[in-house]
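Report on the following structure.
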Amino acid sequence: MEPVIQHLHTYFLFSFAVDRSAVLARHGEIWQGRYWIDGLDDWINSHLVQDSPVATQIGRWERASYTQFDLESPAYQDMIFFHPFVRRIFFDTAGIGASDNEVEALLRCYQIPLSKENKLFFMAEDLREREAELEVTDLRLFLFANGIGILAIGVEAFDLPVSKALWVNEMMRKVYPSSGRQLREGRSPSKVTLSVETPYGRTNVIEAGFENSAMIGFLPPVSEIITSLLYFADYRKEEYEPVLDERAIVYSYLALDPESVPENFHKTEDFDILFSRALYVDHSGDDYRYARGFTKRLMEQQVYRRWAHQGTLYGFTSYSNVTMCFGTFDCDDHQLSEGFLIHRMFDSRYYLMAIIALFYRATLLDFAERVALVSRRLYVDFQDGRLSDANIERANYLRYEFLVFSNYWHFDELANKDEESEHFRMLSAVYDITSMKLEVEREIDKLNASLQEYYSARNTQAVNRLAFVSTILGAGAVVTGFFGMNFSSSFEKVFFQPNENTVWLYWIAILSVVIFCLFALGITLYLFSRNWQDYRSVLRNNHELAPGVSPRTPGSRKSTKS
């Protein structure tokens with residue numbers, strides 16, 4: 001008998017980076033005199049409803065801030081398990097933290113409210129005639145002030161054969177195929193559909209295929225499901241790009257039906273095999289997908305077994321985050337009538353930790369790309385022997401943004417309890433956040449060191465020019481000053497009261513002084529004109545930023561009253 005998944009609940013997490021320069025070029029009026037984070041609501045709402053099938057048939061993105069904070073509220077129960085500094089930074093709240101002395105959270109959370117009457121379904125099928133359809137129960141969007149975004153598509157189903165549940169996680173996570181072979185071999189869905197079921201029938205909102213996929217510049221052909229849900233940004237105009245590979249992160253909860261497996265199944269190796277198939281997002285099988293010894297060693301590092309004696313396992317990889325348990329039951333003093341504890345934790349604190357860890361990973365990958373692009377610009381400038389002001393500003397802005405990420409966003413520990421802290425440490429380890437952060441920090445430090453060396457060399461050259469000009473002008477001052485001295489007797493007769501015999505000395509002196517003064521002034525003007533770029537910024541009234549860099553730094557901001 002094939003095991004049955006009593007309850008499958010999966011979030012497909014798609015991380016992306018917004019190209020703020022491209023967005024500002026098309027929608028700059030929205031951010032006129034405002035911070036990036038302040039314009040996000042208007043940017044999302046500025047899109048015409050009739051231009052988007054999602055907005056017209058499903059709904060628009062709406063701000064989903066926490067507004068109530070009493071003991072029974074979701075906000076209280078979500079926030080209370082985290083350290084106070086995490087509550088201030090990673091929760092989109094309204095009503096607290098908005099005074100003159102408080103820094104507002106630099107993120108925005110949105111959702112598309114889903115109607116209970118008009119249900120939304122997500123369907124995928126492949127060329128091997130396999131298909132599955134699940135109800136979409138949550139559409140959520142997180143946008144951060146540094147341009148990183150995370151789209152979460154939550155689906156649920158009940159009483160599924162385990163093979164179908166695993167196929168759902170494997171297929172529905174695909175954002176785009178990595179090759180045509182994936183489509184032909186059934187390793188990627190050939191078609192995905194979002195449809196709405198109303199009392200009057202079923203309507204397809206989006207139906208996307210990949211047969212005619214092609215690169216968009218350097219960007220892959222992201223599924224129309226994704227681009228349609230992110231309707232406020234134009235993917236064709238490269239206003240955003242995916243940060244990871246062709247797969248969304250699978251954050252999944254699978255509750256096994258105890259009646260569908262033998263007694264004490266959780267104490268057998270078959271349970272580990274089943275969990276490995278879910279953890280590594282593979283199809284169903286009777287043995288480990290990879291070499292037995294290799295997989296077991298890997299699972300020792302990636303599986304959290306605090307509650308294994310009850311049949312509950314947690315696993316983490318760079319592309320999945322899986323919770324598996326047996327049915328629903330009272331968890332010690334946690335009564336089932338209050339909601340099943342394991343699923344409640346999956347859908348609250350662990351979900352938020354997964355979002356934060358993915359934000360860290362996406363931000364660091366985005367930094368790695370931007371460091372490379374800025375370094376390339378500087379390399380081209382170095383070929384000419386002079387760095388442009390715009391590229392220097394890009395490098396300085398990048399350095400400051402990383403400083404904000406390190407000092408404001410990033411924490412090694414989020415929660416104040418052992419289990420939550422252990423979860424986050426394992427999640428950070430599989431995402432390799434610590435070493436990625438150190439590597440990006442080293443790269444930015446090297447970039448900064450090269451700029452400092454450039455500045456030092458340019459300053460030395462400027463000082464040498466100043467010394468040279470000062471010497472020339474000083475000599476001219478000495479010469480002209482010499483003739484201004486109150487010498488009398490023969491000196492006065494020759495140079496100030498010449499006669500017919502000394503008039504030629506008089507004119508030679510005047511001509512020599514004039515020639516020397518013109519030479520000194522000419523050398524000065526020549527040096528200034530040849531090095532005008534070094535002096536131009538000194539004469540500007542306002543500091544100009546690099547093209548595409550927001551005029552207000554997103555990352556350090558007080559209330560709009562300040």
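In the structure tokens, chains take letters A, B, ... by order of appearance, with residues numbered from 1 within each chain and ligands from 1 in the order shown.
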
Worksheet item: Which neighbours of A:Met172 fall inside 8 Å, counting only C-alpha atoms, when residues of the same chain fewer than 5 positions from it are skipped, and could you give them as a PyMOL selection string?
Response: chain A and resi 12+124+189

Atoms to include: N, CA, C and O atoms. Write the selected residues as an mmCIF file, in the first residue's frame.
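In the end it all went to part_21.cif:
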```cif
data_model
loop_
_atom_site.group_PDB
_atom_site.id
_atom_site.type_symbol
_atom_site.label_atom_id
_atom_site.label_comp_id
_atom_site.auth_asym_id
_atom_site.auth_seq_id
_atom_site.Cartn_x
_atom_site.Cartn_y
_atom_site.Cartn_z
ATOM 1 N N PHE A 12 5.901 27.855 -2.525
ATOM 2 C CA PHE A 12 6.962 27.993 -3.515
ATOM 3 C C PHE A 12 7.475 29.426 -3.439
ATOM 4 O O PHE A 12 6.730 30.378 -3.717
ATOM 5 N N ALA A 124 -0.346 21.795 -12.934
ATOM 6 C CA ALA A 124 0.844 21.551 -13.739
ATOM 7 C C ALA A 124 0.708 20.202 -14.423
ATOM 8 O O ALA A 124 0.129 19.263 -13.859
ATOM 9 N N PRO A 189 7.482 20.898 -16.154
ATOM 10 C CA PRO A 189 6.109 20.924 -16.668
ATOM 11 C C PRO A 189 6.045 21.531 -18.058
ATOM 12 O O PRO A 189 6.744 22.497 -18.359
#
```

What lies within 10 Å of stretch 366-382 of chain A using only C-alpha atoms, ignoring chain neighbours under 2 positions off, as a ChimeraX atom specification? /A:16-18,146-148,241-244,360-364,384-388,390-392,394-395,398-399,401-402,436-437,439-441,443-444,447,450-451,454

Same residues, N, CA, C and O atoms, output as a compact mmCIF listing (two decimals), in the first residue's frame:
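Writing done, so here's result_17.txt:
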```
# COMPACT_ATOMS: atom_id res chain seq x y z
N PHE A 16 13.71 37.46 -6.16
CA PHE A 16 14.10 38.27 -7.32
C PHE A 16 14.71 39.57 -6.83
O PHE A 16 14.54 39.98 -5.67
N ALA A 17 15.45 40.22 -7.74
CA ALA A 17 16.08 41.50 -7.44
C ALA A 17 15.54 42.55 -8.40
O ALA A 17 15.58 42.36 -9.61
N VAL A 18 15.02 43.63 -7.85
CA VAL A 18 14.49 44.72 -8.67
C VAL A 18 15.64 45.59 -9.14
O VAL A 18 16.52 45.97 -8.35
N ASN A 146 16.26 47.23 -0.06
CA ASN A 146 17.47 47.08 -0.89
C ASN A 146 17.15 46.52 -2.27
O ASN A 146 18.06 46.18 -3.03
N GLY A 147 15.86 46.40 -2.62
CA GLY A 147 15.47 45.94 -3.95
C GLY A 147 15.21 44.46 -4.06
O GLY A 147 14.80 43.98 -5.13
N ILE A 148 15.42 43.69 -3.01
CA ILE A 148 15.15 42.26 -3.03
C ILE A 148 13.66 42.01 -2.77
O ILE A 148 13.04 42.67 -1.93
N GLU A 241 15.01 40.61 -11.99
CA GLU A 241 15.59 39.37 -12.48
C GLU A 241 15.57 38.32 -11.37
O GLU A 241 15.66 38.67 -10.18
N PRO A 242 15.43 37.04 -11.71
CA PRO A 242 15.49 36.00 -10.68
C PRO A 242 16.88 35.92 -10.08
O PRO A 242 17.88 36.10 -10.78
N VAL A 243 16.95 35.65 -8.80
CA VAL A 243 18.23 35.61 -8.12
C VAL A 243 18.82 34.19 -8.12
O VAL A 243 20.03 34.03 -8.24
N LEU A 244 17.96 33.18 -8.02
CA LEU A 244 18.43 31.80 -7.95
C LEU A 244 18.35 31.14 -9.33
O LEU A 244 18.32 31.82 -10.35
N TYR A 360 18.46 36.81 3.09
CA TYR A 360 19.91 36.91 3.25
C TYR A 360 20.63 36.33 2.03
O TYR A 360 21.55 36.94 1.48
N ARG A 361 20.21 35.14 1.63
CA ARG A 361 20.89 34.49 0.51
C ARG A 361 20.73 35.30 -0.78
O ARG A 361 21.69 35.50 -1.53
N ALA A 362 19.49 35.75 -1.05
CA ALA A 362 19.24 36.51 -2.26
C ALA A 362 20.03 37.82 -2.26
O ALA A 362 20.58 38.23 -3.29
N THR A 363 20.10 38.48 -1.11
CA THR A 363 20.84 39.74 -1.02
C THR A 363 22.32 39.53 -1.29
O THR A 363 22.95 40.30 -2.03
N LEU A 364 22.90 38.48 -0.73
CA LEU A 364 24.32 38.23 -0.92
C LEU A 364 24.63 37.84 -2.36
O LEU A 364 25.65 38.26 -2.93
N ASP A 384 41.72 53.65 -19.13
CA ASP A 384 41.92 55.03 -19.58
C ASP A 384 42.73 55.85 -18.59
O ASP A 384 43.02 57.02 -18.84
N GLY A 385 43.03 55.25 -17.45
CA GLY A 385 43.85 55.96 -16.46
C GLY A 385 43.08 56.91 -15.57
O GLY A 385 43.68 57.62 -14.76
N ARG A 386 41.77 56.98 -15.69
CA ARG A 386 40.98 57.89 -14.86
C ARG A 386 39.62 57.27 -14.60
O ARG A 386 38.95 56.79 -15.52
N LEU A 387 39.17 57.27 -13.35
CA LEU A 387 37.86 56.74 -12.98
C LEU A 387 36.80 57.82 -13.13
O LEU A 387 37.01 58.97 -12.74
N SER A 388 35.65 57.43 -13.67
CA SER A 388 34.55 58.40 -13.81
C SER A 388 33.88 58.61 -12.46
O SER A 388 33.86 57.72 -11.60
N ALA A 390 30.76 58.82 -11.88
CA ALA A 390 29.59 57.95 -11.76
C ALA A 390 29.98 56.58 -11.23
O ALA A 390 29.31 56.02 -10.35
N ASN A 391 31.09 56.02 -11.73
CA ASN A 391 31.50 54.69 -11.28
C ASN A 391 32.07 54.71 -9.87
O ASN A 391 31.91 53.75 -9.12
N ILE A 392 32.74 55.79 -9.52
CA ILE A 392 33.20 55.93 -8.14
C ILE A 392 32.01 55.99 -7.20
O ILE A 392 32.00 55.36 -6.13
N ARG A 394 29.05 54.70 -7.76
CA ARG A 394 28.47 53.36 -7.70
C ARG A 394 29.21 52.49 -6.69
O ARG A 394 28.58 51.76 -5.91
N ALA A 395 30.52 52.54 -6.73
CA ALA A 395 31.31 51.74 -5.79
C ALA A 395 31.07 52.18 -4.35
O ALA A 395 30.91 51.34 -3.45
N LEU A 398 27.59 51.04 -3.27
CA LEU A 398 27.58 49.59 -3.02
C LEU A 398 28.20 49.29 -1.66
O LEU A 398 27.68 48.46 -0.89
N ARG A 399 29.29 49.95 -1.36
CA ARG A 399 29.95 49.75 -0.07
C ARG A 399 29.04 50.15 1.08
O ARG A 399 28.94 49.45 2.10
N GLU A 401 25.71 50.24 1.02
CA GLU A 401 24.59 49.30 1.11
C GLU A 401 25.02 48.01 1.82
O GLU A 401 24.23 47.44 2.58
N PHE A 402 26.22 47.56 1.56
CA PHE A 402 26.67 46.36 2.27
C PHE A 402 26.85 46.65 3.76
O PHE A 402 26.57 45.78 4.60
N MET A 436 29.41 33.23 2.43
CA MET A 436 29.06 34.14 1.35
C MET A 436 29.23 35.58 1.79
O MET A 436 29.75 36.42 1.05
N LYS A 437 28.79 35.86 3.01
CA LYS A 437 28.90 37.23 3.53
C LYS A 437 30.37 37.63 3.67
O LYS A 437 30.74 38.76 3.31
N GLU A 439 32.90 36.43 1.98
CA GLU A 439 33.49 36.57 0.65
C GLU A 439 33.09 37.91 0.02
O GLU A 439 33.95 38.62 -0.55
N VAL A 440 31.81 38.27 0.10
CA VAL A 440 31.37 39.56 -0.45
C VAL A 440 32.05 40.70 0.28
O VAL A 440 32.47 41.69 -0.33
N GLU A 441 32.18 40.55 1.61
CA GLU A 441 32.83 41.60 2.39
C GLU A 441 34.28 41.78 1.96
O GLU A 441 34.78 42.90 1.82
N GLU A 443 35.52 41.06 -1.01
CA GLU A 443 35.53 41.66 -2.35
C GLU A 443 35.29 43.16 -2.28
O GLU A 443 35.95 43.95 -2.98
N ILE A 444 34.32 43.57 -1.45
CA ILE A 444 34.03 45.00 -1.33
C ILE A 444 35.19 45.73 -0.66
O ILE A 444 35.52 46.87 -1.03
N LEU A 447 37.72 46.21 -3.27
CA LEU A 447 37.27 47.28 -4.16
C LEU A 447 37.50 48.63 -3.50
O LEU A 447 37.99 49.57 -4.15
N SER A 450 41.23 49.48 -3.53
CA SER A 450 41.70 49.96 -4.84
C SER A 450 41.29 51.41 -5.07
O SER A 450 42.06 52.20 -5.63
N LEU A 451 40.09 51.78 -4.61
CA LEU A 451 39.67 53.18 -4.73
C LEU A 451 40.51 54.08 -3.86
O LEU A 451 40.84 55.21 -4.25
N TYR A 454 43.65 54.66 -5.55
CA TYR A 454 43.44 55.60 -6.66
C TYR A 454 43.35 57.02 -6.13
O TYR A 454 43.98 57.94 -6.66
```

- Kindly indicate which residue among A:Arg530, A:Arg128, A:His83, A:Arg63 lies nearest to A:Lys417, using only C-alpha atoms for the distances.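 Residue with the minimum atom-to-atom distance to A:Lys417: A:His83.
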
Margin query: Residues near A:Ala152, anyone? I mean within 8 Å using only C-alpha atoms, not counting same-chain ones fewer than 4 positions away, as a PyMOL selection string.
Written below: chain A and resi 11-14+138-141

key: Nearest-residue call for A:Phe265, choices A:Ala248, A:Cys325, A:Ala449, A:Leu298, using only C-alpha atoms   =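 Nearest to A:Phe265: A:Cys325.
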
* DSSP on the backbone, then: every residue of stretch 326-474 of chain A marked alpha helix (DSSP H), written as a PyMOL selection string. => chain A and resi 341-346+349-384+389-404+418-431+433-474

Just C-alpha atoms for this one: save the residues we selected as a CSV table (one decimal), in the first residue's frame.
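So the final result, stored in selection_23.csv, reads:
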```csv
chain,number,residue,atom,x,y,z
A,341,LEU,CA,1.2,22.6,16.8
A,342,ILE,CA,3.6,21.4,14.1
A,343,HIS,CA,1.5,22.9,11.3
A,344,ARG,CA,1.0,26.1,13.2
A,345,MET,CA,4.8,26.5,13.7
A,346,PHE,CA,5.3,25.6,10.0
A,349,ARG,CA,7.6,31.3,13.0
A,350,TYR,CA,9.4,28.8,10.8
A,351,TYR,CA,7.9,30.4,7.7
A,352,LEU,CA,9.2,33.8,8.7
A,353,MET,CA,12.6,32.4,9.4
A,354,ALA,CA,12.6,30.8,6.0
A,355,ILE,CA,11.8,34.1,4.4
A,356,ILE,CA,14.5,35.9,6.3
A,357,ALA,CA,17.2,33.3,5.5
A,358,LEU,CA,16.1,33.4,1.8
A,359,PHE,CA,16.3,37.2,1.9
A,360,TYR,CA,19.9,36.9,3.3
A,361,ARG,CA,20.9,34.5,0.5
A,362,ALA,CA,19.2,36.5,-2.3
A,363,THR,CA,20.8,39.7,-1.0
A,364,LEU,CA,24.3,38.2,-0.9
A,365,LEU,CA,23.9,36.7,-4.4
A,366,ASP,CA,22.7,40.1,-5.7
A,367,PHE,CA,25.7,41.8,-4.0
A,368,ALA,CA,28.1,39.3,-5.7
A,369,GLU,CA,26.6,40.2,-9.1
A,370,ARG,CA,26.8,44.0,-8.5
A,371,VAL,CA,30.3,43.8,-7.2
A,372,ALA,CA,31.3,42.1,-10.4
A,373,LEU,CA,29.5,44.6,-12.6
A,374,VAL,CA,31.0,47.6,-10.7
A,375,SER,CA,34.4,46.1,-10.9
A,376,ARG,CA,34.0,45.7,-14.6
A,377,ARG,CA,33.1,49.4,-15.0
A,378,LEU,CA,36.1,50.4,-12.9
A,379,TYR,CA,38.4,48.0,-14.9
A,380,VAL,CA,37.4,49.8,-18.1
A,381,ASP,CA,38.0,53.2,-16.5
A,382,PHE,CA,41.4,52.1,-15.3
A,383,GLN,CA,42.3,51.3,-18.9
A,384,ASP,CA,41.9,55.0,-19.6
A,389,ASP,CA,32.6,60.1,-11.0
A,390,ALA,CA,29.6,58.0,-11.8
A,391,ASN,CA,31.5,54.7,-11.3
A,392,ILE,CA,33.2,55.9,-8.1
A,393,GLU,CA,29.8,56.8,-6.8
A,394,ARG,CA,28.5,53.4,-7.7
A,395,ALA,CA,31.3,51.7,-5.8
A,396,ASN,CA,30.8,54.0,-2.8
A,397,TYR,CA,27.0,53.3,-2.8
A,398,LEU,CA,27.6,49.6,-3.0
A,399,ARG,CA,29.9,49.7,-0.1
A,400,TYR,CA,27.4,51.7,2.0
A,401,GLU,CA,24.6,49.3,1.1
A,402,PHE,CA,26.7,46.4,2.3
A,403,LEU,CA,27.4,48.2,5.5
A,404,VAL,CA,23.6,48.6,6.0
A,418,ASP,CA,16.9,26.8,21.4
A,419,GLU,CA,14.7,25.0,18.9
A,420,GLU,CA,14.1,28.1,16.7
A,421,SER,CA,17.8,29.1,17.0
A,422,GLU,CA,18.9,25.6,16.0
A,423,HIS,CA,16.6,25.6,13.0
A,424,PHE,CA,17.9,29.0,11.8
A,425,ARG,CA,21.6,27.9,12.2
A,426,MET,CA,21.0,24.8,10.1
A,427,LEU,CA,19.1,26.9,7.5
A,428,SER,CA,21.9,29.4,7.4
A,429,ALA,CA,24.5,26.6,7.0
A,430,VAL,CA,22.8,25.1,4.0
A,431,TYR,CA,22.5,28.5,2.4
A,433,ILE,CA,25.3,32.6,4.4
A,434,THR,CA,28.3,33.2,6.7
A,435,SER,CA,31.0,32.3,4.1
A,436,MET,CA,29.1,34.1,1.3
A,437,LYS,CA,28.9,37.2,3.5
A,438,LEU,CA,32.6,37.0,4.3
A,439,GLU,CA,33.5,36.6,0.6
A,440,VAL,CA,31.4,39.6,-0.5
A,441,GLU,CA,32.8,41.6,2.4
A,442,ARG,CA,36.4,40.7,1.2
A,443,GLU,CA,35.5,41.7,-2.3
A,444,ILE,CA,34.0,45.0,-1.3
A,445,ASP,CA,37.0,45.7,1.0
A,446,LYS,CA,39.4,45.0,-1.9
A,447,LEU,CA,37.3,47.3,-4.2
A,448,ASN,CA,37.4,50.0,-1.5
A,449,ALA,CA,41.2,49.5,-1.1
A,450,SER,CA,41.7,50.0,-4.8
A,451,LEU,CA,39.7,53.2,-4.7
A,452,GLN,CA,41.7,54.4,-1.8
A,453,GLU,CA,44.9,53.7,-3.7
A,454,TYR,CA,43.4,55.6,-6.7
A,455,TYR,CA,42.4,58.5,-4.5
A,456,SER,CA,45.9,58.5,-2.8
A,457,ALA,CA,47.6,58.6,-6.2
A,458,ARG,CA,45.3,61.4,-7.5
A,459,ASN,CA,45.8,63.4,-4.3
A,460,THR,CA,49.6,63.0,-4.7
A,461,GLN,CA,49.4,64.3,-8.3
A,462,ALA,CA,47.2,67.2,-7.2
A,463,VAL,CA,49.6,68.1,-4.4
A,464,ASN,CA,52.5,68.0,-6.9
A,465,ARG,CA,50.6,70.2,-9.4
A,466,LEU,CA,49.8,72.6,-6.6
A,467,ALA,CA,53.5,72.7,-5.5
A,468,PHE,CA,54.6,73.4,-9.1
A,469,VAL,CA,52.0,76.1,-9.7
A,470,SER,CA,52.8,77.6,-6.3
A,471,THR,CA,56.5,77.7,-7.2
A,472,ILE,CA,55.9,79.4,-10.5
A,473,LEU,CA,53.4,81.9,-9.1
A,474,GLY,CA,55.7,82.5,-6.1
```

Check: So which residues touch A:Asp234 within 12 Å, counting only C-alpha atoms, skipping near sequence neighbours fewer than 2 positions away, as a PyMOL selection string?
Finding: chain A and resi 18-19+22-23+26-27+43-44+47+51-52+216+222+224+226-232+236-241

Residues near A:Val250, anyone? I mean within 9 Å using only C-alpha atoms, not counting same-chain ones fewer than 6 positions away, as a ChimeraX atom specification. /A:10-13,169-170,173,281,319-322
